[in-house]
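*Asks:* I have a structure I would like to understand better, so I am pasting it below and will then ask my questions one at a time.
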Amino acid sequence: MNTTLTARLRGQVPLLVTSVLLVAMFSVGSIQYEGFFSGQVLLNLLIDNAFLLVVAVGMTFVILTGGIDLSVGAVVALSTMVSAWLVEKHHWPILVVIPLVLAIGTGLGWAMGWVVHTFEIQPFIVTLAGMFLARGLCYTISVESVSITDPSYTAMAQTRIPLPGGTFLSPSAVIAVLVAAAAFLVLHHTRFGRNVYALGGSEQSALLMGLPVARTRITVYAISGFCSALGGVLLTFYMLSGYGLHAVGLELDAIAAVVIGGTLLTGGSGYLVGTVLGVAVLGLIQTVISFQGTLSSWWTRIVIGALLFLFIVLQRLITARRHT
Amino acid sequence: MQQPVLEVRGLRKEFPGVLALDGIDFRLFPGEVHALMGENGAGKSTLIKVLTGVHPADGGQVTMAGRPLRITGPLQAQQAGISTVYQEVNLCPNLSVAENLFIGREPRRRGLIHWSELRRRAEASVAELDLDIDVTARLDSFSIAIQQLVAIARAVDVEAKVLVLDEPTSSLDRDEVVQLFTVMRRLRERGVAILFVSHFLDQVYEICDRMTILRNGRLEGEYLTRDLSHVQLVSRMIGSELADLKSLAAESHRETAAPEYRSPFLVAEKLGRRGAIEPYDLTVRPGEVVGLAGLLGSGRTEAARLLFGADQADSGTVRVNGHATALRGPRAAIGHGIAFCSENRKAEGLVGELTVRENIVLALQASRGWLRPLSRTAQDDFALRWIRALDIRPGDPEAPVRNLSGGNQQKVLLARWLITDPKLLILDEPTRGIDIGAKAEIQKLVAGLAEKGMSVLFISAELEEVLRLSHKIGVLRDHRVVAQLANDGSLTPEHLMETIASGARR
């Protein structure tokens with residue numbers, strides 16, 4: 001029993017490290033800077049990173065199967081662009097635009113998943129192609145940034161949902177929390193979710209055990225596409241514009257958040273909670289640097305880079321020990 | 001007599017250019033453990049793959065409990081009641097034991113997985129096999145043996161009438177095998193028909209009631225285990241009667257006495273690797289040919305790979321020229337003058353796209369380091385010299401190696417190692433799959449090399465060939481060196497075969 005206990009703990013080491021890191025960063029920030037220790041600072045983390053959280057949730061599904069989705073940032077940009085264009089130039093109602101955008105994202109993801117599965121091509125290259133495609137499509141609409149003045153969008157941007165203690169959340173933040181909760185339920189408590197883990201653990205075994213491998217793999221990319229499109233919608237609320245250069249490099253932030261959250265890039269191991277914590281760590285780094293005031297915002301990148309190194313080495317050590 | 005649960009009549013399976021199964025009849029009764037025996041290439045795995053739906057059959061009928069059955073795929077075979085546990089555990093290492101048992105058919109409540117019910121059922125299912133393990137722990141936190149039992153538990157749980165176990169014991173140690181057998185006996189009592197494939201003869205005799213022997217894709221026969229002796233079994237698998245082998249041996253015998261007086265080039269003591277080869281001792285003297293005999297899969301290659309550093313030994317020591325050395329890898333072994341011609345010349349040896357010349361100089365170039373390239377003239381020189389010496393055909397150094405016949409490819413591989421001037425040459429099945437003429441040439445070459453002082457470790461499934469060449473023969477069985485016999489002229493293939501068949505275990 002002893003061995004199984006340590007083995008089980010080992011799987012959760014990355015999650016533990018991330019939690020400790022989060023608490024430590026928040027404590028240091030609270031001691032160092034006045035006004036840091038407040039509920040609103042924490043809630044702002046969620047408000048400012050709502051779109052990243054949603055995108056990272058989709059990425060978690062893909063990475064758990066052992067795949068990767070590089071197209072997410074571009075799909076986010078395309079979603080902002082399509083939204084802005086339809087709302088501003090064609091005056092479509094928001095209730096038509098958002099479902100349409102979500103459908104486009106899901107369709108793109110589904111198509112990439114289909115290509116990955118049917119032709120057995122590495123997801124890296126397929127989603128790279130998807131990334132160029134989506135980014136390129138933005139410029140067929142406009143090469144300029146399209147700002148949004150539609151009242152329903154500005155309302156979404158400005159609404160504050162009051163919480164006890166004088167704090168508040170934005171509608172986007174609430175949506176992000178709901179998405180994360182739904183994803184948690186799906187991943188950990190449905191057959192589809194467990195098939196995702198099985199696929200990441202061993203595709204060969206999953207096939208021989210009679211699991212629907214094709215459907216699972218394609219659905220995972222469709223989910224990522226859906227989450228990217230939804231992330232795009234949330235980013236549109238946040239920026240109130242559509243632009244082909246929105247969310248450049250977002251795919252890398254999302255991957256970083258998932259990995260820092262303890263999900264193995266090889267697939268099959270990780271928790272959705274980890275991704276939430278990973279996004280929080282990324283957000284907190286930014287918050288600390290903005291509170292610090294003199295450091296350039298590029299330091300965010302440097303810290304994320306260092307952390308990523310640390311976590312990848314940690315993952316390596318854990319998987320290496322598991323195999324001996 | 002009761003009705004067989006599974007019956008196969010006239011099963012045929014063809015692969016491009018090979019008739020893998022030629023009219024196989026086969027039956028399996030409920031509540032028996034049935035061994036499927038045969039050498040590699042006899043058609044065992046093809047038969048299993050047809051029965052489990054991996055390959056479609058090209059002809060013949062399968063009936064299950066009297067009703068005709070068409071097997072269309074792994075899932076359908078499972079649903080029809082034929083479950084398989086493969087040699088490599090086909091479960092998901094990252095999931096819990098409970099999930100592995102029930103994934104795809106988890107109990108649900110309101111659309112969500114009912115975890116406590118899942119756990120309860122999983123515990124019942126492993127308890128059925130007398131396993132006491134924590135079903136919520138990850139599968140890979142358990143040993144391979146336990147994982148295999150979990151795979152069996154899963155297979156049995158899907159209402160299997162027929163359970164196919166393909167080489168389940170090959171990575172288990174003795175105690176784990178005992179545990180597996182206990183489970184197998186329990187299932188047999190429950191009326192499950194078990195098809196057991198194993199290279200380990202002792203195990204087959206320990207657990208099986210009946211056996212079917214295949215040879216070269218044909219049915220050799222079906223026997224009750226108690227009616228067939230070890231030696232009879234081996235000779236039926238190999239396909240030659242003892243008398244035939246005897247006459248072959250008489251025709252030529254190696255005269256040269258073993259060069260006992262020279263100090264050994266290599267001494268291995270208690271060298272072993274868990275799951276591959278049990279610890280063995282071996283001494284190789286300069287100019288000596290040491291043969292390794294045994295059935296395919298008896299651990300011959302595994303023993304040799306340790307001496308080349310291709311696998312790491314986990315026990316024992318090796319001394320080369322009297323100095324203790326750790327063979328950390330092939331590079332270190334090459335540095336000590338050890339060369340290894342692999343059994344699998346296509347996958348592990350030659351680079352098909354490169355030319356004969358490039359293949360020949362590959363090892364020499366590697367041992368010099370890539371910073372000191374051999375000049376083109378030197379390369380041509382070497383290539384031509386060895387093409388002539390070994391009579392490689394076609395004699396064109398610029399021909400791509402993949403266009404050469406098997407025997408000539410083998411010679412190119414030999415040439416590659418011979419130009420590095422090794423002290424010990426390990427030849428793993430150098431004559432397999434090549435024609436009789438090339439075979440004789442390679443045998444002659446080996447004898448000639450030994451006379452010039454090179455040590456040779458010669459691995460072959462052909463007993464007569466081993467006898468003709470070797471000064472000393474190590475006999476392997478069940479991943480263990482069971483005997484080392486001096487080839488002093490009195491040794492016959494019959495002796496060897498008996499040693500292989502009955503070699504004292506324990």
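Following the order of the structure tokens, chains are lettered A, B, ..., residues in each are numbered from 1, and ligands are numbered from 1.
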Which residues of chain A come within 6 Å of chain B, and what is each one's closest atom pair and distance in Å (one decimal), counting only C-alpha atoms, sorted by chain and residue number, as a tab-separated table?
*Replies:*
residue	atom	partner	partner_atom	distance
A:Thr4	CA	B:Ser141	CA	5.8
A:Ala7	CA	B:Ser141	CA	6.0
A:His189	CA	B:Ile113	CA	5.2
A:Thr190	CA	B:Leu112	CA	5.1
A:Ala198	CA	B:Cys92	CA	5.8
A:Gly201	CA	B:Cys92	CA	5.2
A:Ser202	CA	B:Cys92	CA	5.5
A:Ser205	CA	B:Asn90	CA	4.6
A:Gly210	CA	B:Leu75	CA	5.5
A:Leu211	CA	B:Gly104	CA	6.0
*Asks:* Go ahead and write the residues just picked, all heavy atoms, as a PDB file, in the first residue's frame.
*Replies:*
ATOM      1  N   THR A   4       1.714   2.418  -3.467  1.00  0.00           N
ATOM      2  CA  THR A   4       0.622   3.023  -4.226  1.00  0.00           C
ATOM      3  C   THR A   4       0.352   4.436  -3.705  1.00  0.00           C
ATOM      4  O   THR A   4       0.023   5.329  -4.460  1.00  0.00           O
ATOM      5  CB  THR A   4      -0.661   2.195  -4.105  1.00  0.00           C
ATOM      6  OG1 THR A   4      -1.108   2.251  -2.766  1.00  0.00           O
ATOM      7  CG2 THR A   4      -0.438   0.778  -4.531  1.00  0.00           C
ATOM      8  N   ALA A   7       2.948   6.701  -5.107  1.00  0.00           N
ATOM      9  CA  ALA A   7       2.715   6.855  -6.541  1.00  0.00           C
ATOM     10  C   ALA A   7       1.577   7.835  -6.784  1.00  0.00           C
ATOM     11  O   ALA A   7       1.630   8.660  -7.692  1.00  0.00           O
ATOM     12  CB  ALA A   7       2.387   5.503  -7.171  1.00  0.00           C
ATOM     13  N   HIS A 189     -15.900  13.321 -14.682  1.00  0.00           N
ATOM     14  CA  HIS A 189     -17.085  12.550 -14.301  1.00  0.00           C
ATOM     15  C   HIS A 189     -17.922  12.033 -15.458  1.00  0.00           C
ATOM     16  O   HIS A 189     -19.049  11.624 -15.252  1.00  0.00           O
ATOM     17  CB  HIS A 189     -17.968  13.376 -13.356  1.00  0.00           C
ATOM     18  CG  HIS A 189     -17.293  13.659 -12.054  1.00  0.00           C
ATOM     19  ND1 HIS A 189     -17.174  12.725 -11.060  1.00  0.00           N
ATOM     20  CD2 HIS A 189     -16.672  14.777 -11.596  1.00  0.00           C
ATOM     21  CE1 HIS A 189     -16.513  13.247 -10.042  1.00  0.00           C
ATOM     22  NE2 HIS A 189     -16.186  14.480 -10.341  1.00  0.00           N
ATOM     23  N   THR A 190     -17.415  12.090 -16.686  1.00  0.00           N
ATOM     24  CA  THR A 190     -18.188  11.483 -17.766  1.00  0.00           C
ATOM     25  C   THR A 190     -17.319  10.472 -18.508  1.00  0.00           C
ATOM     26  O   THR A 190     -16.094  10.500 -18.416  1.00  0.00           O
ATOM     27  CB  THR A 190     -18.670  12.518 -18.808  1.00  0.00           C
ATOM     28  OG1 THR A 190     -17.530  13.054 -19.468  1.00  0.00           O
ATOM     29  CG2 THR A 190     -19.475  13.624 -18.161  1.00  0.00           C
ATOM     30  N   ALA A 198      -7.775   8.098 -21.303  1.00  0.00           N
ATOM     31  CA  ALA A 198      -7.335   6.796 -21.812  1.00  0.00           C
ATOM     32  C   ALA A 198      -6.561   6.969 -23.116  1.00  0.00           C
ATOM     33  O   ALA A 198      -5.506   6.371 -23.321  1.00  0.00           O
ATOM     34  CB  ALA A 198      -8.536   5.887 -22.043  1.00  0.00           C
ATOM     35  N   GLY A 201      -3.232   8.166 -22.410  1.00  0.00           N
ATOM     36  CA  GLY A 201      -2.404   7.159 -21.747  1.00  0.00           C
ATOM     37  C   GLY A 201      -1.827   6.175 -22.739  1.00  0.00           C
ATOM     38  O   GLY A 201      -0.634   5.906 -22.749  1.00  0.00           O
ATOM     39  N   SER A 202      -2.664   5.628 -23.604  1.00  0.00           N
ATOM     40  CA  SER A 202      -2.195   4.710 -24.631  1.00  0.00           C
ATOM     41  C   SER A 202      -3.261   4.558 -25.699  1.00  0.00           C
ATOM     42  O   SER A 202      -4.314   3.981 -25.459  1.00  0.00           O
ATOM     43  CB  SER A 202      -1.871   3.346 -24.013  1.00  0.00           C
ATOM     44  OG  SER A 202      -1.773   2.378 -25.029  1.00  0.00           O
ATOM     45  N   SER A 205      -3.973   0.866 -26.586  1.00  0.00           N
ATOM     46  CA  SER A 205      -4.824   0.195 -25.610  1.00  0.00           C
ATOM     47  C   SER A 205      -6.263   0.661 -25.745  1.00  0.00           C
ATOM     48  O   SER A 205      -7.192  -0.138 -25.702  1.00  0.00           O
ATOM     49  CB  SER A 205      -4.337   0.471 -24.198  1.00  0.00           C
ATOM     50  OG  SER A 205      -3.035   0.004 -24.034  1.00  0.00           O
ATOM     51  N   GLY A 210     -11.739  -1.099 -27.185  1.00  0.00           N
ATOM     52  CA  GLY A 210     -12.994  -0.788 -27.851  1.00  0.00           C
ATOM     53  C   GLY A 210     -13.533   0.595 -27.567  1.00  0.00           C
ATOM     54  O   GLY A 210     -14.736   0.823 -27.670  1.00  0.00           O
ATOM     55  N   LEU A 211     -12.654   1.538 -27.221  1.00  0.00           N
ATOM     56  CA  LEU A 211     -13.127   2.901 -26.967  1.00  0.00           C
ATOM     57  C   LEU A 211     -13.245   3.666 -28.287  1.00  0.00           C
ATOM     58  O   LEU A 211     -12.522   3.378 -29.240  1.00  0.00           O
ATOM     59  CB  LEU A 211     -12.152   3.621 -26.031  1.00  0.00           C
ATOM     60  CG  LEU A 211     -11.937   2.947 -24.683  1.00  0.00           C
ATOM     61  CD1 LEU A 211     -10.985   3.755 -23.831  1.00  0.00           C
ATOM     62  CD2 LEU A 211     -13.271   2.795 -23.959  1.00  0.00           C
TER      63      LEU A 211
END
*Asks:* Find the spatial neighbours of segment 55-64 of chain B, counting only C-alpha atoms, within a cut-off of 8 Å - ignore same-chain residues fewer than 6 positions away - and output them as a list in words.
*Replies:*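 Here the qualifying residues turn out to be Pro4, Val5, Leu6, Glu7, Val8, Arg9, Gly10, Leu11, Arg12, Lys13, Glu14, Gly23, Thr46, Lys49, Arg70, Ile71, Thr72 and Gly73 of chain B.
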*Asks:* Which of these, B:Glu451, B:Ala124, B:Ala151, B:Leu28, has the shortest distance to Leu208 of chain A once you count only C-alpha atoms?
*Replies:*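 Closest residue, counting only C-alpha atoms: B:Ala151.
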*Asks:* With only C-alpha atoms as the counted atoms, please give the residues lying no more than 7 Å from segment 185-190 of chain B, apart from itself and same-chain residues fewer than 4 positions off, as a list in words.
*Replies:* Gly31, Glu32, Val33 and Phe181 of chain B
*Asks:* Can you tell me which residues surround segment 15-22 of chain A at a distance of at most 9 Å, considering only C-alpha atoms, apart from same-chain residues fewer than 6 positions away, and format the answer as a PyMOL selection string?
*Replies:* chain A and resi 260-263+270-271+273-274+277-278+280-281+284
*Asks:* Restricting it to N, CA, C and O atoms, dump the selection as a compact mmCIF listing (two decimals), in the first residue's frame.
*Replies:*
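Contents of the output file result.txt:
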# COMPACT_ATOMS: atom_id res chain seq x y z
N ILE A 260 2.15 24.62 -16.50
CA ILE A 260 2.42 25.06 -15.13
C ILE A 260 1.36 24.48 -14.20
O ILE A 260 1.62 24.19 -13.03
N GLY A 261 0.18 24.24 -14.73
CA GLY A 261 -0.88 23.63 -13.94
C GLY A 261 -0.68 22.14 -13.73
O GLY A 261 -1.53 21.49 -13.12
N GLY A 262 0.40 21.58 -14.26
CA GLY A 262 0.75 20.20 -13.92
C GLY A 262 0.27 19.16 -14.92
O GLY A 262 0.38 17.96 -14.66
N THR A 263 -0.26 19.57 -16.05
CA THR A 263 -0.67 18.58 -17.04
C THR A 263 0.55 18.16 -17.87
O THR A 263 1.30 19.02 -18.32
N GLY A 270 -3.16 14.90 -15.61
CA GLY A 270 -3.35 16.31 -15.30
C GLY A 270 -4.75 16.55 -14.78
O GLY A 270 -5.60 15.67 -14.85
N TYR A 271 -4.95 17.73 -14.24
CA TYR A 271 -6.25 18.04 -13.68
C TYR A 271 -6.72 19.39 -14.21
O TYR A 271 -5.91 20.28 -14.47
N VAL A 273 -8.32 21.59 -12.49
CA VAL A 273 -8.00 22.56 -11.45
C VAL A 273 -6.60 23.12 -11.67
O VAL A 273 -6.34 24.30 -11.46
N GLY A 274 -5.68 22.26 -12.11
CA GLY A 274 -4.32 22.68 -12.37
C GLY A 274 -4.28 23.81 -13.39
O GLY A 274 -3.56 24.79 -13.20
N LEU A 277 -5.27 27.01 -11.82
CA LEU A 277 -4.16 27.53 -11.03
C LEU A 277 -3.07 28.09 -11.93
O LEU A 277 -2.46 29.12 -11.63
N GLY A 278 -2.81 27.40 -13.04
CA GLY A 278 -1.78 27.85 -13.98
C GLY A 278 -2.10 29.23 -14.52
O GLY A 278 -1.23 30.11 -14.58
N ALA A 280 -3.95 31.40 -13.05
CA ALA A 280 -3.81 32.32 -11.93
C ALA A 280 -2.36 32.72 -11.72
O ALA A 280 -2.06 33.89 -11.46
N VAL A 281 -1.44 31.74 -11.87
CA VAL A 281 -0.02 32.06 -11.70
C VAL A 281 0.42 33.08 -12.74
O VAL A 281 1.06 34.10 -12.42
N LEU A 284 -1.01 36.41 -11.87
CA LEU A 284 -0.41 36.97 -10.66
C LEU A 284 0.96 37.56 -10.95
O LEU A 284 1.34 38.60 -10.40
*Asks:* Excluding same-chain residues fewer than 3 positions from segment 346-363 of chain B, what lies within 6 Å of it counting only C-alpha atoms, as a VMD selection string?
*Replies:* chain B and resid 366 383 397 to 402 415 to 416
*Asks:* Between atom CA of Gly305 of chain A and atom CA of Ala256 of chain A, measure the distance and give it in Å to one decimal.
*Replies:* 8.7 Å
*Asks:* Can you tell me, as a list in words, what residues are no more than 7 Å from segment 212-216 of chain B when counting only C-alpha atoms, ignoring any on the same chain fewer than 5 positions away?
*Replies:*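 Contacts, with the query itself left out: Ala35, Leu36, Met37, Gly38, Gly41, Ala42, Gly43, Gly221, Glu222, Tyr223 and Met237 of chain B.
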*Asks:* For the residues in that selection, give me C-alpha atoms as an mmCIF file, in the first residue's frame.
*Replies:*
data_model
loop_
_atom_site.group_PDB
_atom_site.id
_atom_site.type_symbol
_atom_site.label_atom_id
_atom_site.label_comp_id
_atom_site.auth_asym_id
_atom_site.auth_seq_id
_atom_site.Cartn_x
_atom_site.Cartn_y
_atom_site.Cartn_z
ATOM 1 C CA ALA B 35 -1.267 -24.726 -25.394
ATOM 2 C CA LEU B 36 -0.549 -23.492 -28.878
ATOM 3 C CA MET B 37 2.972 -24.608 -29.677
ATOM 4 C CA GLY B 38 5.373 -24.002 -32.534
ATOM 5 C CA GLY B 41 7.013 -18.252 -37.790
ATOM 6 C CA ALA B 42 4.984 -21.428 -37.330
ATOM 7 C CA GLY B 43 1.790 -19.387 -37.461
ATOM 8 C CA GLY B 221 -1.174 -32.368 -34.545
ATOM 9 C CA GLU B 222 -3.236 -32.162 -31.396
ATOM 10 C CA TYR B 223 -2.093 -34.058 -28.314
ATOM 11 C CA MET B 237 8.045 -28.382 -33.291
#
*Asks:* Distance atom CA of Val85 of chain B-atom CA of Leu165 of chain B, one decimal place?
*Replies:*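 Interatomic distance here is 5.1 Å.
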*Asks:* Can you list, as an mmCIF file with N, CA, C and O atoms, in the first residue's frame, every protein, DNA or RNA residue that comes within 12 Å of Thr275 of chain A when you count only C-alpha atoms, leaving out same-chain residues fewer than 6 positions away?
*Replies:*
data_model
loop_
_atom_site.group_PDB
_atom_site.id
_atom_site.type_symbol
_atom_site.label_atom_id
_atom_site.label_comp_id
_atom_site.auth_asym_id
_atom_site.auth_seq_id
_atom_site.Cartn_x
_atom_site.Cartn_y
_atom_site.Cartn_z
ATOM 1 N N PRO A 14 3.078 18.208 -9.178
ATOM 2 C CA PRO A 14 3.042 19.473 -9.919
ATOM 3 C C PRO A 14 1.912 20.382 -9.445
ATOM 4 O O PRO A 14 2.085 21.596 -9.318
ATOM 5 N N LEU A 15 0.765 19.755 -9.160
ATOM 6 C CA LEU A 15 -0.389 20.531 -8.704
ATOM 7 C C LEU A 15 -0.068 21.202 -7.377
ATOM 8 O O LEU A 15 -0.361 22.377 -7.156
ATOM 9 N N THR A 18 2.391 24.076 -7.816
ATOM 10 C CA THR A 18 1.715 25.253 -8.355
ATOM 11 C C THR A 18 0.923 25.965 -7.258
ATOM 12 O O THR A 18 0.947 27.197 -7.162
ATOM 13 N N SER A 19 0.227 25.199 -6.426
ATOM 14 C CA SER A 19 -0.562 25.814 -5.356
ATOM 15 C C SER A 19 0.341 26.573 -4.391
ATOM 16 O O SER A 19 0.064 27.723 -4.018
ATOM 17 N N LEU A 52 -8.259 34.038 -21.363
ATOM 18 C CA LEU A 52 -7.144 33.094 -21.309
ATOM 19 C C LEU A 52 -7.580 31.802 -20.616
ATOM 20 O O LEU A 52 -7.241 30.693 -21.048
ATOM 21 N N LEU A 53 -8.359 31.946 -19.554
ATOM 22 C CA LEU A 53 -8.812 30.759 -18.823
ATOM 23 C C LEU A 53 -9.650 29.859 -19.734
ATOM 24 O O LEU A 53 -9.439 28.651 -19.802
ATOM 25 N N VAL A 54 -10.576 30.487 -20.471
ATOM 26 C CA VAL A 54 -11.445 29.698 -21.345
ATOM 27 C C VAL A 54 -10.619 28.978 -22.413
ATOM 28 O O VAL A 54 -10.810 27.780 -22.662
ATOM 29 N N VAL A 55 -9.670 29.693 -23.004
ATOM 30 C CA VAL A 55 -8.832 29.081 -24.038
ATOM 31 C C VAL A 55 -7.985 27.952 -23.451
ATOM 32 O O VAL A 55 -7.853 26.876 -24.040
ATOM 33 N N ALA A 56 -7.457 28.190 -22.240
ATOM 34 C CA ALA A 56 -6.594 27.187 -21.607
ATOM 35 C C ALA A 56 -7.392 25.933 -21.248
ATOM 36 O O ALA A 56 -6.856 24.817 -21.282
ATOM 37 N N VAL A 57 -8.660 26.111 -20.915
ATOM 38 C CA VAL A 57 -9.509 24.952 -20.614
ATOM 39 C C VAL A 57 -9.613 24.058 -21.850
ATOM 40 O O VAL A 57 -9.439 22.840 -21.779
ATOM 41 N N GLY A 58 -9.856 24.686 -23.008
ATOM 42 C CA GLY A 58 -9.920 23.915 -24.249
ATOM 43 C C GLY A 58 -8.598 23.227 -24.532
ATOM 44 O O GLY A 58 -8.551 22.060 -24.910
ATOM 45 N N MET A 59 -7.502 23.967 -24.293
ATOM 46 C CA MET A 59 -6.166 23.416 -24.528
ATOM 47 C C MET A 59 -5.916 22.203 -23.634
ATOM 48 O O MET A 59 -5.253 21.248 -24.039
ATOM 49 N N THR A 60 -6.455 22.243 -22.420
ATOM 50 C CA THR A 60 -6.256 21.127 -21.488
ATOM 51 C C THR A 60 -6.789 19.825 -22.086
ATOM 52 O O THR A 60 -6.130 18.783 -22.017
ATOM 53 N N PHE A 61 -7.964 19.883 -22.683
ATOM 54 C CA PHE A 61 -8.534 18.687 -23.316
ATOM 55 C C PHE A 61 -7.571 18.129 -24.361
ATOM 56 O O PHE A 61 -7.286 16.939 -24.396
ATOM 57 N N ILE A 63 -4.300 18.696 -24.802
ATOM 58 C CA ILE A 63 -3.010 18.220 -24.286
ATOM 59 C C ILE A 63 -3.192 16.905 -23.531
ATOM 60 O O ILE A 63 -2.324 16.033 -23.570
ATOM 61 N N LEU A 64 -4.327 16.720 -22.886
ATOM 62 C CA LEU A 64 -4.560 15.456 -22.173
ATOM 63 C C LEU A 64 -4.575 14.254 -23.124
ATOM 64 O O LEU A 64 -4.243 13.149 -22.734
ATOM 65 N N ALA A 180 -15.120 26.616 -16.860
ATOM 66 C CA ALA A 180 -14.167 25.768 -16.144
ATOM 67 C C ALA A 180 -14.909 24.699 -15.349
ATOM 68 O O ALA A 180 -14.493 23.529 -15.316
ATOM 69 N N ALA A 181 -16.021 25.081 -14.720
ATOM 70 C CA ALA A 181 -16.784 24.122 -13.921
ATOM 71 C C ALA A 181 -17.346 23.018 -14.811
ATOM 72 O O ALA A 181 -17.260 21.828 -14.481
ATOM 73 N N ALA A 183 -16.192 22.042 -17.687
ATOM 74 C CA ALA A 183 -15.096 21.215 -18.174
ATOM 75 C C ALA A 183 -14.644 20.239 -17.101
ATOM 76 O O ALA A 183 -14.325 19.076 -17.384
ATOM 77 N N PHE A 184 -14.629 20.705 -15.852
ATOM 78 C CA PHE A 184 -14.238 19.835 -14.745
ATOM 79 C C PHE A 184 -15.163 18.616 -14.684
ATOM 80 O O PHE A 184 -14.730 17.474 -14.584
ATOM 81 N N ASP A 253 0.737 31.249 -24.256
ATOM 82 C CA ASP A 253 0.310 31.481 -22.871
ATOM 83 C C ASP A 253 -0.574 30.341 -22.389
ATOM 84 O O ASP A 253 -0.449 29.879 -21.252
ATOM 85 N N ALA A 254 -1.486 29.907 -23.265
ATOM 86 C CA ALA A 254 -2.410 28.845 -22.874
ATOM 87 C C ALA A 254 -1.650 27.553 -22.584
ATOM 88 O O ALA A 254 -1.884 26.898 -21.563
ATOM 89 N N ILE A 255 -0.701 27.228 -23.469
ATOM 90 C CA ILE A 255 0.085 26.008 -23.241
ATOM 91 C C ILE A 255 0.868 26.138 -21.939
ATOM 92 O O ILE A 255 0.912 25.210 -21.121
ATOM 93 N N ALA A 256 1.464 27.328 -21.732
ATOM 94 C CA ALA A 256 2.237 27.548 -20.509
ATOM 95 C C ALA A 256 1.360 27.347 -19.280
ATOM 96 O O ALA A 256 1.761 26.688 -18.319
ATOM 97 N N ALA A 257 0.138 27.899 -19.314
ATOM 98 C CA ALA A 257 -0.757 27.780 -18.167
ATOM 99 C C ALA A 257 -1.077 26.312 -17.896
ATOM 100 O O ALA A 257 -1.060 25.861 -16.743
ATOM 101 N N VAL A 258 -1.346 25.560 -18.955
ATOM 102 C CA VAL A 258 -1.699 24.143 -18.784
ATOM 103 C C VAL A 258 -0.520 23.372 -18.189
ATOM 104 O O VAL A 258 -0.683 22.577 -17.260
ATOM 105 N N VAL A 259 0.685 23.662 -18.714
ATOM 106 C CA VAL A 259 1.861 22.928 -18.237
ATOM 107 C C VAL A 259 2.192 23.321 -16.802
ATOM 108 O O VAL A 259 2.462 22.460 -15.952
ATOM 109 N N ILE A 260 2.146 24.623 -16.499
ATOM 110 C CA ILE A 260 2.419 25.056 -15.132
ATOM 111 C C ILE A 260 1.357 24.478 -14.196
ATOM 112 O O ILE A 260 1.618 24.193 -13.034
ATOM 113 N N GLY A 261 0.177 24.243 -14.734
ATOM 114 C CA GLY A 261 -0.881 23.630 -13.936
ATOM 115 C C GLY A 261 -0.685 22.138 -13.734
ATOM 116 O O GLY A 261 -1.530 21.487 -13.124
ATOM 117 N N GLY A 262 0.398 21.579 -14.264
ATOM 118 C CA GLY A 262 0.747 20.204 -13.924
ATOM 119 C C GLY A 262 0.266 19.159 -14.918
ATOM 120 O O GLY A 262 0.377 17.962 -14.656
ATOM 121 N N THR A 263 -0.258 19.572 -16.054
ATOM 122 C CA THR A 263 -0.670 18.576 -17.041
ATOM 123 C C THR A 263 0.547 18.162 -17.869
ATOM 124 O O THR A 263 1.302 19.019 -18.318
ATOM 125 N N LEU A 264 0.720 16.854 -18.038
ATOM 126 C CA LEU A 264 1.871 16.377 -18.797
ATOM 127 C C LEU A 264 1.646 16.589 -20.293
ATOM 128 O O LEU A 264 0.589 16.263 -20.814
ATOM 129 N N VAL A 281 -1.441 31.744 -11.868
ATOM 130 C CA VAL A 281 -0.020 32.058 -11.699
ATOM 131 C C VAL A 281 0.417 33.080 -12.743
ATOM 132 O O VAL A 281 1.059 34.098 -12.419
ATOM 133 N N LEU A 282 0.042 32.837 -14.010
ATOM 134 C CA LEU A 282 0.406 33.784 -15.075
ATOM 135 C C LEU A 282 -0.141 35.169 -14.762
ATOM 136 O O LEU A 282 0.556 36.179 -14.896
#
*Asks:* Dump as JSON lines the rows for residues of segment 193-275 of chain A within 6 Å of segment 110-128 of chain A: closest atom pair and distance in Å with one decimal, only C-alpha atoms counted, ordered by chain and rising residue number.
*Replies:*
{"residue": "A:Ile218", "atom": "CA", "partner": "A:Gly113", "partner_atom": "CA", "distance": 4.3}
{"residue": "A:Tyr221", "atom": "CA", "partner": "A:Gly113", "partner_atom": "CA", "distance": 5.1}
{"residue": "A:Ala222", "atom": "CA", "partner": "A:Trp110", "partner_atom": "CA", "distance": 4.2}
